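Notes for the one structure printed next.
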Amino acid sequence: MFKLSRINQVALLPIGRYWRQNDRGSAPTDVENALSLRLLVLALVIVGVVATDIASETQFSLWAVPLSILGATWSYYHRRSANIPVKFCIAIGMLIALGAFFGRLLGELHDTRLALAELLIQLQILHSFDTPRRKSLGYSIVIGLILLGVAATLSQTLAFAPMLLLFLAIALPTLVLNYRSQLGIQKLKPKNKKFSLQSSPILNLKFLSLNFLIIVGLGLAIFAVLPRFPGYQLRSFPVSAPINVDDDFTGQTIINPGYVREGRGNDGTGSGDGEDQNGQLDNNFYYGFNSQMNQNLRGEMTPKVVMRVRSQIEGFWRVLAFDHYTGQGWEISRNDDVTTHRRAPWSYQIRLPLPIFIGRSREIVQTYTVVSDLPNLIPAMAHPKEVYYPAPIIAVDQENGLRSPVGLSEGMTYTVVSQVPYRDRTLLGEASTRYPPHIRDHYFQVPPEIKEKVRQRTEEIINNYNQERVANSAKTLDSAYEISLYLAQYLKQNYSVPDNPLGLPFLSEDEDLVEAFLFKNNGGYPDHFSTVLTIMLRSIDIPARLMAGFSAGQFNPFTGMYVVRNTDAYAMTEVYFPRYGWFAFDPIPNNPLIPPSVEDIETFSVLRQFWQWVAGWLPSPVTGFLNTLFGKIFTWLIRSFMRFLALFSQGWLGVVTGLIIATSTAFLGWLTWGQWRQWLKRRWLKKLPPMESLYQQMLEWLAQKGLGKHPAQTPLEYANISHQHHPPATAQVIDEICQAYVGWRYGGHTPNLNGLQEKWRELKKKTKY
């Protein structure tokens, strides 16, 4: 039998004229001495970090690259040391990084890639301070590759491509050197011939360049033939733990603990017979979140927080809508006509069909955390298309309201992705008035007893527009959109809300709410305004419905979340515009005419929300004055900045002018800052006692001369050191001032202040450095 061990040992190793194997045939030495391998590994890690920054628009490299270089340098010079204290510190640092990662992960469950990448970078930096062996460097190579993979998943532009090519160019010689080190092969320099990369059988430019081109070519070829799915994307958003529900969920039942029926109590199921009479509001739950809405109720709710919402923009958290007016309230006429939607077993995502509408829209992500129990109605912005919900099934009614199989309980978290349309006044003003049959069948209904009377009053208001128009508006009422705006504003200005929540009498059994509002009470409670606007629009053949939900709530700039209370729930009017869909109008006094939604310019939305939060604590006159003042300043700054940018589009002369203005502004800013600091310094010195002021002036003057006092030094220690760095006359004055300061400060002695000040002035005149 042949023994192949010795043959294999020779045949498998690339032995050449400049190579030899470890003589003893043992494993490579523990310490890796190759500086070239260490530098290439460091370059791979840096490329991975920078690629992650480019792909995700982060700034990891600002701190990771310098620390990686520092760690690699330290590790190289201490590669033969045990470094026990360093290993101990690294272990502690890794535990801290892991704790910080889990803390961050709780708030970023929707996308953990960046959190994982940052943890990996932190661990690599700590690891770089102790990489004595080739195996340790191998771990760094893998980390660089993983970071490049993270960057690949985040990248959406070709800016990632150069980093990929650079990584490949560095990885080829790195892997070659790493393989040589693994085999224990050492490079020998020949006695009579200078070694070069070209003479090496492996590490030569021709070999590396050829392999680089082959790999890139194969990669592009494989990429070209791979199937791609443009619409596919992986998304994960915050959501609570799964909820198990029965399979018999139909979505036809609304569970509202605050439902009031016949003035006697709550049945919580929303299954009334429509014979709602007068009664008291529940003080915890909004009465309108049900299949029926009885507006012949009185009372008010006790404020409490019910939700916290994190949203990309401020919005109205829509809950449900009503299509049928009962005379004293509303009901959903097609309450049993709902559609259920299930999610896949492996995902929390429930996809919903979007209504067909034209015009620009924007995808808005909202995450809701329930703080107090709510009905089984799911708040969301308009046109939800994806719902990440803990239950495996939800239902959608004909008014685009979302229903859950269970009530929304405290602690529940879910996420909604909505396709919210922009509100273009011009396009909506040009919308057609030819409404499809399903709109005419359900959104023109008005009780015949009041229809003619309400129509006459509505037409009278519109006909008197020229005499009663709002703010002398030049807009003409020739479209459904302008009519809706004007009627909403008219109700705000000409009708009032009673101060007493129990002030208005209950409606009698045959009395109509809209008729009493317009012709008897000259107003009503907030939701009554929306009911009246809806019926007025229907009376002149403009389709409308009543929609209920929560206003945005109070924005907390420190947490970035909207705090929503039960008292933020109310109803307003939605109007239908063919091809554009439903848009809301708010006729309630003291509310914005248009609810918050997608805006064209939102650059300073967070700053605006922060100011609104601050202004809520200030008196109205102060808020008005500051709004005017800051508005003028902000407008002037924006106009000045736009004029400055316009210079760079006016040819070379404009560019030069812009650069001169920018340089001059920067110089004046620097000069003003310096003078400001000097003024503050002089003001501070004037407020000090004379002896303290003299001592501080001396320290500042000496610091400018290059000998500042260390905070750990006592005045007498500093005086002793001054004899080693200053002429005797100067050191003597410094010593006297320090002695006098210590005696005054700690001994209560009265210094010869006039004599010291005279010596100090003479010293500054005579001393030249």
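Quick note on naming: the chains in the structure tokens go A, B, ... in the order shown, residues restart at 1 in each chain, and ligands are numbered from 1 in order of appearance.
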
Determine, counting only C-alpha atoms, which protein, DNA and RNA residues have an atom within 9 Å of an atom of stretch 685-693 of chain A; residues of the same chain fewer than 6 positions away are not included. Present the result as a ChimeraX atom specification. /A:737,740-741,744-745,751,753

Write out as a list of chain:residue names each polymer residue whose atoms come within 12 Å of stretch 666-683 of chain A, counting only C-alpha atoms; drop sequence neighbours fewer than 4 positions from it. A:Leu659, A:Ile660, A:Ile661, A:Ala662, A:Lys687, A:Leu688, A:Ser693, A:Leu694, A:Gln696, A:Gln697, A:Glu700

Pick out each residue of stretch 280-403 of chain A that DSSP on the backbone tags as strand (DSSP E or B); I need them as number ranges by chain. A: 280, 292-294, 297-298, 305-311, 317-322, 324-325, 329-331, 339-342, 349-351, 361-370, 374, 377-378, 380, 384-388, 393-396, 402-403

So that I can check the surroundings of A:Asp336, please list as a list of chain:residue names every protein, DNA and RNA residue that reaches within 12 Å of it, counting only C-alpha atoms and ignoring chain neighbours fewer than 5 positions away.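 Once the adjacent positions are removed, what remains is A:Thr250, A:Gly251, A:Gln252, A:Thr253, A:Ile254, A:Ser271, A:Ser291, A:Ala395, A:Val396, A:Asp397, A:Gln398, A:Glu399.
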
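Between A:Leu166 and the candidates A:Leu513, A:Ile313, A:Ala117, A:Val47, the tightest atom-to-atom separation, counting only C-alpha atoms, involves A:Val47.
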
Considering only C-alpha atoms, return as a list in words whatever protein or nucleic-acid residues lie within 6 Å of stretch 534-551 of chain A, sequence-local ones (same chain, fewer than 4 positions apart) excluded.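 Skipping anything fewer than 4 positions along the chain leaves Phe316, Trp317, Arg318, Val319, Leu320, Ala321, Phe322, Asp323, Tyr443, Phe444, Arg455, Asp568, Ala569, Tyr570, Ala571, Met572, Thr573, Glu574, Val575 and Tyr576 of chain A.
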
May I ask which of the residues A:Trp760, A:Pro242, A:Gly71, A:Leu123 is the closest one to A:Ile92, counting only C-alpha atoms? A:Leu123

Which of these, A:Gly523, A:Gly99, A:Pro587, A:Pro437, has the shortest distance to A:Ala488 once you count only C-alpha atoms?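 Looking only at the distances to A:Ala488, the closest residue turns out to be A:Pro587.
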